Amino acid sequence: MASLETEILRFLNEPSEDKFEPLALAVFEYQRRQNPVYASYCEFLGTPQQVGSWKSIPSVPQQAFKRSELRSFAIEQTRAEFRTSGTTGEGYGKHFFQSLRLYEAAVQRSWDFFRLPRHNFVALMQHPDDAPFSSLCRMGGFLADFKRECFFITRNGCLELDRLKDRLTDRGKPLTLFGTALAFLNLMEQAPNLRVELRPGSIAMETGGFKGSGRDIGKRELYDRLFGQFGITTDSVWNEYGMTELSSQFYSYGLNRPHRSPPWMKFLIIDPNTNEEAPPGEVGLLRIFDLANLWSVLAIQTRDLAIAQPEGGFLLLGRDPGALPRGCSRAVDQLLQLIRD
Amino acid sequence: MTGMKLDDRIGAVASAAVDYPWLGDLRAENILRWVALELGELLREAEPAEYGRQHCFAQPLTPILHVVGGNTPHAALQSLIRGIIVGARNRMKLPQGGLPEVDEFSLRLPSALRPELAVQLDPGWAQDAEAVVVYGSDETVREFSQRLLPAQRLLAHGHKISFGLIWGSLEQGLVDGAARDVFVFDQLGCLSPQFYYVAGDSEGFASLLARRLEELCLATPVTRRGQEIAAALRGCREEWKFRAATEPGVVVWESAGTLDWVVIHDPAAVPAANPLHRTIFVKPMPSELGSALAPIRHQISTVGLHPVSLESVRQAIRLGAQRVCRIGQMQNPPLTWHHDGWPTLASLVRYVDIEGLG
């Protein structure tokens, strides 16, 4: 299905609002034909062969990637596989690709769209060769042109602190720091006395999440510490909201600002009580439509709560509200997790 | 101490509980039998009772601090009533949202027996308490256990799991009872079943259970659920619907257009994550029940049985049950039950032994 891939690539390079829907519907029809798991799900839901709007395209729950191989191409054509972290104890989810052309284009064009700098890339992550199943490391690879000197976490997960300090204190040019929130926290904890005034134009891109670490700090505290140690102002700290199950990401900067998408992604806020689109301004579950997800499933239903913003984008309220107070009735999932730990 | 005699306290509780049938049969004569069963005459103020070769008094641990959760008012009122009956002064730390039923019940009591209630815990309450009864998560229990001195008695009711084991014919009475056990308290109590293992036609039972839950919820529909709870329930449903579409043996029945209830037939033996609020799993009876339940053995509370026989009771006890009952009665423990395996009144007193008295 090279032609559809090419059409989407063209859209990524030259987005046009009126082409989103026909492309989305074409991707849906393609995936329903080529992806037997998705086809079964659509049939189960009673989805008609043709739907009238991108909003009506059935979304699969994010957890589906842990249960099934959602592949819209023949298995022998698999060229890449990304895996979720598997920290929730249910095993890891797998996202298969026939080609990474769309994935790479989505990363590059997103950074173009949001005018994000790639100069002097400092990736607080492993080189993609050392973490072949990590979508984040591959993303870093695309942005850093796979230059090994840009990656500062070793194959076995250690921060290369001395080399990193040298890079941070080389005040010649602005830097682009990129890593998980946990990686930034590790850096600041391992070098608590490091104080660097990075050149104006430097940014930090954090991807949020402390999954599996048993640690957490608030976003404001993280951003304050990034300013305190590296002189990066809050509005120069970006957050990338993505997931292994997607091929594109949402971005926001500073605090309390909405996440926005590049033009080839759309989202709906779903009222969990009715499973219908929530009225404007209401809290609901985030459902994501990503044209670049050609090789798996276009539409993903997350468990993340968000509110659509009148000026566009959404305010992310929290990821996975599954861990709720449940009274005295023991939550089996928590218990099983404890036992696994 | 309250200054009121045992019979007066019992009378006051019985009178206050008249309009709370869900608390059980709290008529005075029943409470008296309960006291006699656990403490004999030891709680009587008149004179010490003979006890082996000595005499003995039971003195209340007082004050008692009750820390209760927001899941059901049932546990909070049970705990309070136990404290009142043994003659303690009672203080209760309520959940953030309060518990109106506790407020209302308290106002029905004579002022001498009314508990002190607060949403914010006064640190002095934990220090003063001779006994602390905690309902809640293991984290809450752990937090309180760290605050207390060894001499203070901690009665911890941490998280529990209840479930049912069904053998034999699937008659309507069984289905009605199974649905009722799920329905009551929105399935948030520690006695609420989270899953049923069924020998025989488990899918057929699941279908009947779904129909009965639908009838119950039509009669008493749930208003809109809070968004976080709704999100957890929706996430669970959508995941299992996907599995129903793609995995053999998984079937989902759900309330249409609402989050009132969902029945999930899951052929896997091991218990699945359950967001509660009337989410019930039905599973085929595994050949190795002990292995399937081993991960939750220490958290098992009530095991509902059908039928109740010596054989099925022994099976439940081997699995780790602390209470065994007929399905349909899981939410109705008798006054005299040993909540989480210990006597509910006798745990709230200290025994004073007196030697050399006549």
# chains A, B, ... in the order shown; residues from 1 in each chain; ligands from 1
call {"tool": "interface_residues", "arguments": {"of": "chain B", "to": "chain A", "cutoff": "9 Å", "atoms": "only C-alpha atoms", "output": "MDAnalysis selection string"}}
result
chainID B and resid 69:72 135:138 157:162 187:192 194 224:236 238:239 241:246 257:259 271:276 295:296 299
call {"tool": "residues_around", "arguments": {"residues": "B:His306", "least_positions_apart": "6", "cutoff": "12 Å", "atoms": "only C-alpha atoms", "output": "list in words"}}
result
Phe163, Gly164, Leu165, Ile166, Trp167, Gly168, Ser169, Leu170, Glu171, Gly173, Leu174, Val175, Gly177, Ala178, Tyr196, Tyr197, Val198, Ala199, Ser312, Val313, Ala316, Val324, Cys325, Arg326, Ile327, Gly328, Gln329 and Met330 of chain B
call {"tool": "residues_around", "arguments": {"residues": "stretch 77-94 of chain B", "least_positions_apart": "6", "cutoff": "6 Å", "atoms": "only C-alpha atoms", "output": "list in words"}}
result
Met1, Pro60, Thr62, Pro63, Ile64, Leu65, His66, Val67, Val68, Pro115, Glu116, Leu117, Ala118, Val119, Leu121 and Leu345 of chain B
call {"tool": "select_by_dssp", "arguments": {"residues": "stretch 45-160 of chain B", "states": "alpha helix (DSSP H)", "output": "PDB file with N, CA and C atoms, in the first residue's frame"}}
result
ATOM      1  N   PRO B  73     -21.166   3.523  54.245  1.00  0.00           N
ATOM      2  CA  PRO B  73     -21.372   3.951  55.640  1.00  0.00           C
ATOM      3  C   PRO B  73     -21.502   2.745  56.567  1.00  0.00           C
ATOM      4  N   HIS B  74     -21.701   1.586  55.977  1.00  0.00           N
ATOM      5  CA  HIS B  74     -21.987   0.380  56.741  1.00  0.00           C
ATOM      6  C   HIS B  74     -20.870   0.076  57.734  1.00  0.00           C
ATOM      7  N   ALA B  75     -19.640   0.041  57.217  1.00  0.00           N
ATOM      8  CA  ALA B  75     -18.506  -0.296  58.081  1.00  0.00           C
ATOM      9  C   ALA B  75     -18.338   0.748  59.178  1.00  0.00           C
ATOM     10  N   ALA B  76     -18.540   2.009  58.836  1.00  0.00           N
ATOM     11  CA  ALA B  76     -18.355   3.079  59.820  1.00  0.00           C
ATOM     12  C   ALA B  76     -19.349   2.923  60.969  1.00  0.00           C
ATOM     13  N   LEU B  77     -20.603   2.659  60.633  1.00  0.00           N
ATOM     14  CA  LEU B  77     -21.614   2.545  61.686  1.00  0.00           C
ATOM     15  C   LEU B  77     -21.430   1.260  62.500  1.00  0.00           C
ATOM     16  N   GLN B  78     -21.043   0.194  61.832  1.00  0.00           N
ATOM     17  CA  GLN B  78     -20.769  -1.048  62.575  1.00  0.00           C
ATOM     18  C   GLN B  78     -19.676  -0.811  63.617  1.00  0.00           C
ATOM     19  N   SER B  79     -18.633  -0.138  63.180  1.00  0.00           N
ATOM     20  CA  SER B  79     -17.503   0.091  64.070  1.00  0.00           C
ATOM     21  C   SER B  79     -17.918   0.967  65.247  1.00  0.00           C
ATOM     22  N   LEU B  80     -18.677   1.994  64.940  1.00  0.00           N
ATOM     23  CA  LEU B  80     -19.144   2.902  65.991  1.00  0.00           C
ATOM     24  C   LEU B  80     -20.024   2.154  66.992  1.00  0.00           C
ATOM     25  N   ILE B  81     -20.925   1.352  66.487  1.00  0.00           N
ATOM     26  CA  ILE B  81     -21.844   0.618  67.366  1.00  0.00           C
ATOM     27  C   ILE B  81     -21.065  -0.318  68.296  1.00  0.00           C
ATOM     28  N   ARG B  82     -20.065  -0.963  67.762  1.00  0.00           N
ATOM     29  CA  ARG B  82     -19.252  -1.854  68.597  1.00  0.00           C
ATOM     30  C   ARG B  82     -18.593  -1.060  69.735  1.00  0.00           C
ATOM     31  N   GLY B  83     -18.070   0.103  69.381  1.00  0.00           N
ATOM     32  CA  GLY B  83     -17.422   0.937  70.400  1.00  0.00           C
ATOM     33  C   GLY B  83     -18.399   1.394  71.458  1.00  0.00           C
ATOM     34  N   ILE B  84     -19.591   1.746  71.043  1.00  0.00           N
ATOM     35  CA  ILE B  84     -20.612   2.198  72.003  1.00  0.00           C
ATOM     36  C   ILE B  84     -20.995   1.049  72.932  1.00  0.00           C
ATOM     37  N   ILE B  85     -21.195  -0.110  72.356  1.00  0.00           N
ATOM     38  CA  ILE B  85     -21.651  -1.240  73.181  1.00  0.00           C
ATOM     39  C   ILE B  85     -20.623  -1.597  74.258  1.00  0.00           C
ATOM     40  N   VAL B  86     -19.349  -1.568  73.926  1.00  0.00           N
ATOM     41  CA  VAL B  86     -18.374  -1.929  74.972  1.00  0.00           C
ATOM     42  C   VAL B  86     -18.196  -0.799  75.992  1.00  0.00           C
ATOM     43  N   PRO B 100     -22.866  11.266  55.572  1.00  0.00           N
ATOM     44  CA  PRO B 100     -24.089  11.808  56.181  1.00  0.00           C
ATOM     45  C   PRO B 100     -24.812  10.795  57.053  1.00  0.00           C
ATOM     46  N   GLU B 101     -24.710   9.513  56.682  1.00  0.00           N
ATOM     47  CA  GLU B 101     -25.407   8.493  57.480  1.00  0.00           C
ATOM     48  C   GLU B 101     -24.863   8.444  58.904  1.00  0.00           C
ATOM     49  N   VAL B 102     -23.567   8.677  59.048  1.00  0.00           N
ATOM     50  CA  VAL B 102     -22.963   8.660  60.381  1.00  0.00           C
ATOM     51  C   VAL B 102     -23.446   9.876  61.178  1.00  0.00           C
ATOM     52  N   ASP B 103     -23.491  11.023  60.513  1.00  0.00           N
ATOM     53  CA  ASP B 103     -24.008  12.228  61.189  1.00  0.00           C
ATOM     54  C   ASP B 103     -25.437  11.994  61.675  1.00  0.00           C
ATOM     55  N   GLU B 104     -26.243  11.442  60.782  1.00  0.00           N
ATOM     56  CA  GLU B 104     -27.655  11.242  61.130  1.00  0.00           C
ATOM     57  C   GLU B 104     -27.807  10.225  62.264  1.00  0.00           C
ATOM     58  N   PHE B 105     -27.073   9.162  62.178  1.00  0.00           N
ATOM     59  CA  PHE B 105     -27.164   8.128  63.212  1.00  0.00           C
ATOM     60  C   PHE B 105     -26.734   8.706  64.565  1.00  0.00           C
ATOM     61  N   SER B 106     -25.680   9.493  64.545  1.00  0.00           N
ATOM     62  CA  SER B 106     -25.157  10.054  65.798  1.00  0.00           C
ATOM     63  C   SER B 106     -26.204  10.918  66.486  1.00  0.00           C
ATOM     64  N   LEU B 107     -26.946  11.655  65.682  1.00  0.00           N
ATOM     65  CA  LEU B 107     -27.952  12.536  66.269  1.00  0.00           C
ATOM     66  C   LEU B 107     -29.097  11.762  66.914  1.00  0.00           C
ATOM     67  N   PRO B 123      -4.328  15.346  65.550  1.00  0.00           N
ATOM     68  CA  PRO B 123      -3.236  14.433  65.908  1.00  0.00           C
ATOM     69  C   PRO B 123      -3.370  13.897  67.334  1.00  0.00           C
ATOM     70  N   GLY B 124      -3.997  14.687  68.202  1.00  0.00           N
ATOM     71  CA  GLY B 124      -4.187  14.250  69.577  1.00  0.00           C
ATOM     72  C   GLY B 124      -5.066  13.019  69.675  1.00  0.00           C
ATOM     73  N   TRP B 125      -5.966  12.858  68.724  1.00  0.00           N
ATOM     74  CA  TRP B 125      -6.864  11.696  68.757  1.00  0.00           C
ATOM     75  C   TRP B 125      -6.077  10.395  68.646  1.00  0.00           C
ATOM     76  N   ALA B 126      -5.122  10.378  67.764  1.00  0.00           N
ATOM     77  CA  ALA B 126      -4.334   9.146  67.603  1.00  0.00           C
ATOM     78  C   ALA B 126      -3.487   8.893  68.848  1.00  0.00           C
ATOM     79  N   GLN B 127      -2.967   9.971  69.440  1.00  0.00           N
ATOM     80  CA  GLN B 127      -2.136   9.804  70.641  1.00  0.00           C
ATOM     81  C   GLN B 127      -2.958   9.288  71.817  1.00  0.00           C
ATOM     82  N   ASP B 128      -4.173   9.826  71.973  1.00  0.00           N
ATOM     83  CA  ASP B 128      -5.002   9.478  73.130  1.00  0.00           C
ATOM     84  C   ASP B 128      -5.619   8.089  73.034  1.00  0.00           C
ATOM     85  N   ASP B 138      -4.186  -0.470  52.319  1.00  0.00           N
ATOM     86  CA  ASP B 138      -3.027  -0.924  53.090  1.00  0.00           C
ATOM     87  C   ASP B 138      -2.116   0.250  53.422  1.00  0.00           C
ATOM     88  N   GLU B 139      -2.084   1.248  52.551  1.00  0.00           N
ATOM     89  CA  GLU B 139      -1.245   2.420  52.800  1.00  0.00           C
ATOM     90  C   GLU B 139      -1.758   3.186  54.025  1.00  0.00           C
ATOM     91  N   THR B 140      -3.094   3.331  54.106  1.00  0.00           N
ATOM     92  CA  THR B 140      -3.680   4.024  55.258  1.00  0.00           C
ATOM     93  C   THR B 140      -3.372   3.250  56.535  1.00  0.00           C
ATOM     94  N   VAL B 141      -3.532   1.951  56.479  1.00  0.00           N
ATOM     95  CA  VAL B 141      -3.258   1.117  57.655  1.00  0.00           C
ATOM     96  C   VAL B 141      -1.799   1.270  58.072  1.00  0.00           C
ATOM     97  N   ARG B 142      -0.918   1.242  57.087  1.00  0.00           N
ATOM     98  CA  ARG B 142       0.515   1.356  57.380  1.00  0.00           C
ATOM     99  C   ARG B 142       0.813   2.711  58.020  1.00  0.00           C
ATOM    100  N   GLU B 143       0.186   3.745  57.496  1.00  0.00           N
ATOM    101  CA  GLU B 143       0.428   5.087  58.031  1.00  0.00           C
ATOM    102  C   GLU B 143       0.041   5.151  59.509  1.00  0.00           C
ATOM    103  N   PHE B 144      -1.108   4.575  59.845  1.00  0.00           N
ATOM    104  CA  PHE B 144      -1.531   4.642  61.239  1.00  0.00           C
ATOM    105  C   PHE B 144      -0.677   3.743  62.123  1.00  0.00           C
ATOM    106  N   SER B 145      -0.316   2.602  61.605  1.00  0.00           N
ATOM    107  CA  SER B 145       0.478   1.695  62.440  1.00  0.00           C
ATOM    108  C   SER B 145       1.804   2.347  62.819  1.00  0.00           C
ATOM    109  N   GLN B 146       2.318   3.225  61.953  1.00  0.00           N
ATOM    110  CA  GLN B 146       3.588   3.890  62.265  1.00  0.00           C
ATOM    111  C   GLN B 146       3.425   4.989  63.312  1.00  0.00           C
ATOM    112  N   ARG B 147       2.213   5.496  63.450  1.00  0.00           N
ATOM    113  CA  ARG B 147       1.976   6.579  64.404  1.00  0.00           C
ATOM    114  C   ARG B 147       1.765   6.075  65.828  1.00  0.00           C
TER     115      ARG B 147
END
call {"tool": "residues_around", "arguments": {"residues": "stretch 129-139 of chain A", "least_positions_apart": "6", "cutoff": "9 Å", "atoms": "only C-alpha atoms", "output": "ChimeraX atom specification"}}
result
/A:80-85,94,103-104,107-108,123,146,154-156,179-180,207,243-244,247
call {"tool": "write_last_selection", "arguments": {"atoms": "C-alpha atoms", "output": "mmCIF file, in the first residue's frame"}}
result
data_model
loop_
_atom_site.group_PDB
_atom_site.id
_atom_site.type_symbol
_atom_site.label_atom_id
_atom_site.label_comp_id
_atom_site.auth_asym_id
_atom_site.auth_seq_id
_atom_site.Cartn_x
_atom_site.Cartn_y
_atom_site.Cartn_z
ATOM 1 C CA ALA A 80 10.451 -2.394 13.164
ATOM 2 C CA GLU A 81 8.839 -3.099 16.495
ATOM 3 C CA PHE A 82 8.458 -0.729 19.418
ATOM 4 C CA ARG A 83 7.444 -1.911 22.860
ATOM 5 C CA THR A 84 5.795 -0.225 25.807
ATOM 6 C CA SER A 85 7.657 -0.233 29.093
ATOM 7 C CA LYS A 94 3.922 -3.993 20.788
ATOM 8 C CA TYR A 103 7.279 7.683 11.783
ATOM 9 C CA GLU A 104 10.397 9.651 10.942
ATOM 10 C CA VAL A 107 8.815 13.397 14.145
ATOM 11 C CA GLN A 108 10.674 15.774 11.854
ATOM 12 C CA ALA A 123 19.561 13.185 24.354
ATOM 13 C CA PHE A 146 21.799 8.995 15.054
ATOM 14 C CA THR A 154 24.719 3.923 28.265
ATOM 15 C CA ARG A 155 23.434 0.608 26.998
ATOM 16 C CA ASN A 156 22.964 -0.550 30.605
ATOM 17 C CA GLY A 179 14.581 13.088 27.716
ATOM 18 C CA THR A 180 11.997 11.666 30.031
ATOM 19 C CA THR A 207 8.285 13.534 27.904
ATOM 20 C CA MET A 243 2.895 6.874 23.470
ATOM 21 C CA THR A 244 4.426 3.838 21.878
ATOM 22 C CA SER A 247 3.454 7.498 15.477
#
call {"tool": "select_by_dssp", "arguments": {"residues": "stretch 193-338 of chain A", "states": "strand (DSSP E or B)", "output": "ChimeraX atom specification"}}
result
/A:203-206,237-241,250-253,259-260,265-271,276-277,283-290,299-308,314-318,329
call {"tool": "closest_residue", "arguments": {"among": "A:Lys66, A:Lys173, A:Lys147, A:Lys266", "to": "A:Gly91", "atoms": "only C-alpha atoms"}}
result
A:Lys66
call {"tool": "residues_around", "arguments": {"residues": "A:Leu175", "least_positions_apart": "3", "cutoff": "8 Å", "atoms": "only C-alpha atoms", "output": "JSON, numbers by chain"}}
result
{"A": [119, 120, 121, 122, 168, 198, 199, 201, 202, 203]}
call {"tool": "residues_around", "arguments": {"residues": "A:Phe20", "least_positions_apart": "2", "cutoff": "10 Å", "atoms": "only C-alpha atoms", "output": "list in words"}}
result
Ile8, Phe11, Pro15, Ser16, Glu17, Asp18, Pro22, Leu23, Ala24, Leu25, Ala26, Trp54, Pro263, Trp264, Met265, Lys266 and Leu291 of chain A
call {"tool": "write_last_selection", "arguments": {"atoms": "N, CA and C atoms", "output": "PDB file, in the first residue's frame"}}
result
ATOM      1  N   ILE A   8       0.039  10.043   2.568  1.00  0.00           N
ATOM      2  CA  ILE A   8       0.147  10.577   3.944  1.00  0.00           C
ATOM      3  C   ILE A   8       1.447  11.368   4.089  1.00  0.00           C
ATOM      4  N   PHE A  11       0.898  14.632   2.784  1.00  0.00           N
ATOM      5  CA  PHE A  11       0.104  15.443   3.722  1.00  0.00           C
ATOM      6  C   PHE A  11       0.999  15.981   4.843  1.00  0.00           C
ATOM      7  N   PRO A  15       0.481  19.950   4.748  1.00  0.00           N
ATOM      8  CA  PRO A  15      -0.830  19.674   5.352  1.00  0.00           C
ATOM      9  C   PRO A  15      -1.931  20.558   4.756  1.00  0.00           C
ATOM     10  N   SER A  16      -3.101  19.967   4.665  1.00  0.00           N
ATOM     11  CA  SER A  16      -4.244  20.693   4.140  1.00  0.00           C
ATOM     12  C   SER A  16      -5.477  20.157   4.859  1.00  0.00           C
ATOM     13  N   GLU A  17      -6.142  21.034   5.588  1.00  0.00           N
ATOM     14  CA  GLU A  17      -7.244  20.616   6.458  1.00  0.00           C
ATOM     15  C   GLU A  17      -8.300  19.803   5.702  1.00  0.00           C
ATOM     16  N   ASP A  18      -8.613  20.224   4.484  1.00  0.00           N
ATOM     17  CA  ASP A  18      -9.698  19.533   3.777  1.00  0.00           C
ATOM     18  C   ASP A  18      -9.296  18.132   3.307  1.00  0.00           C
ATOM     19  N   PRO A  22     -10.738  12.770   4.084  1.00  0.00           N
ATOM     20  CA  PRO A  22     -10.659  11.691   3.090  1.00  0.00           C
ATOM     21  C   PRO A  22      -9.482  10.748   3.324  1.00  0.00           C
ATOM     22  N   LEU A  23      -8.382  11.299   3.784  1.00  0.00           N
ATOM     23  CA  LEU A  23      -7.234  10.430   4.063  1.00  0.00           C
ATOM     24  C   LEU A  23      -7.530   9.508   5.255  1.00  0.00           C
ATOM     25  N   ALA A  24      -8.124  10.081   6.281  1.00  0.00           N
ATOM     26  CA  ALA A  24      -8.446   9.279   7.467  1.00  0.00           C
ATOM     27  C   ALA A  24      -9.393   8.139   7.090  1.00  0.00           C
ATOM     28  N   LEU A  25     -10.386   8.434   6.277  1.00  0.00           N
ATOM     29  CA  LEU A  25     -11.341   7.395   5.874  1.00  0.00           C
ATOM     30  C   LEU A  25     -10.662   6.338   5.005  1.00  0.00           C
ATOM     31  N   ALA A  26      -9.726   6.774   4.176  1.00  0.00           N
ATOM     32  CA  ALA A  26      -8.981   5.809   3.345  1.00  0.00           C
ATOM     33  C   ALA A  26      -8.115   4.909   4.220  1.00  0.00           C
ATOM     34  N   TRP A  54     -14.372  11.164  10.102  1.00  0.00           N
ATOM     35  CA  TRP A  54     -13.234  10.644  10.871  1.00  0.00           C
ATOM     36  C   TRP A  54     -13.612  10.391  12.322  1.00  0.00           C
ATOM     37  N   PRO A 263      -0.855  18.927  12.161  1.00  0.00           N
ATOM     38  CA  PRO A 263      -2.129  18.884  11.414  1.00  0.00           C
ATOM     39  C   PRO A 263      -2.609  17.483  11.056  1.00  0.00           C
ATOM     40  N   TRP A 264      -1.749  16.492  11.124  1.00  0.00           N
ATOM     41  CA  TRP A 264      -2.187  15.149  10.744  1.00  0.00           C
ATOM     42  C   TRP A 264      -2.714  14.338  11.925  1.00  0.00           C
ATOM     43  N   MET A 265      -2.861  15.014  13.074  1.00  0.00           N
ATOM     44  CA  MET A 265      -3.492  14.363  14.231  1.00  0.00           C
ATOM     45  C   MET A 265      -4.731  15.149  14.622  1.00  0.00           C
ATOM     46  N   LYS A 266      -5.729  14.434  15.110  1.00  0.00           N
ATOM     47  CA  LYS A 266      -6.887  15.092  15.717  1.00  0.00           C
ATOM     48  C   LYS A 266      -7.244  14.312  16.985  1.00  0.00           C
ATOM     49  N   LEU A 291      -2.874  10.084  11.533  1.00  0.00           N
ATOM     50  CA  LEU A 291      -2.737   9.576  10.159  1.00  0.00           C
ATOM     51  C   LEU A 291      -1.442   8.776   9.969  1.00  0.00           C
TER      52      LEU A 291
END
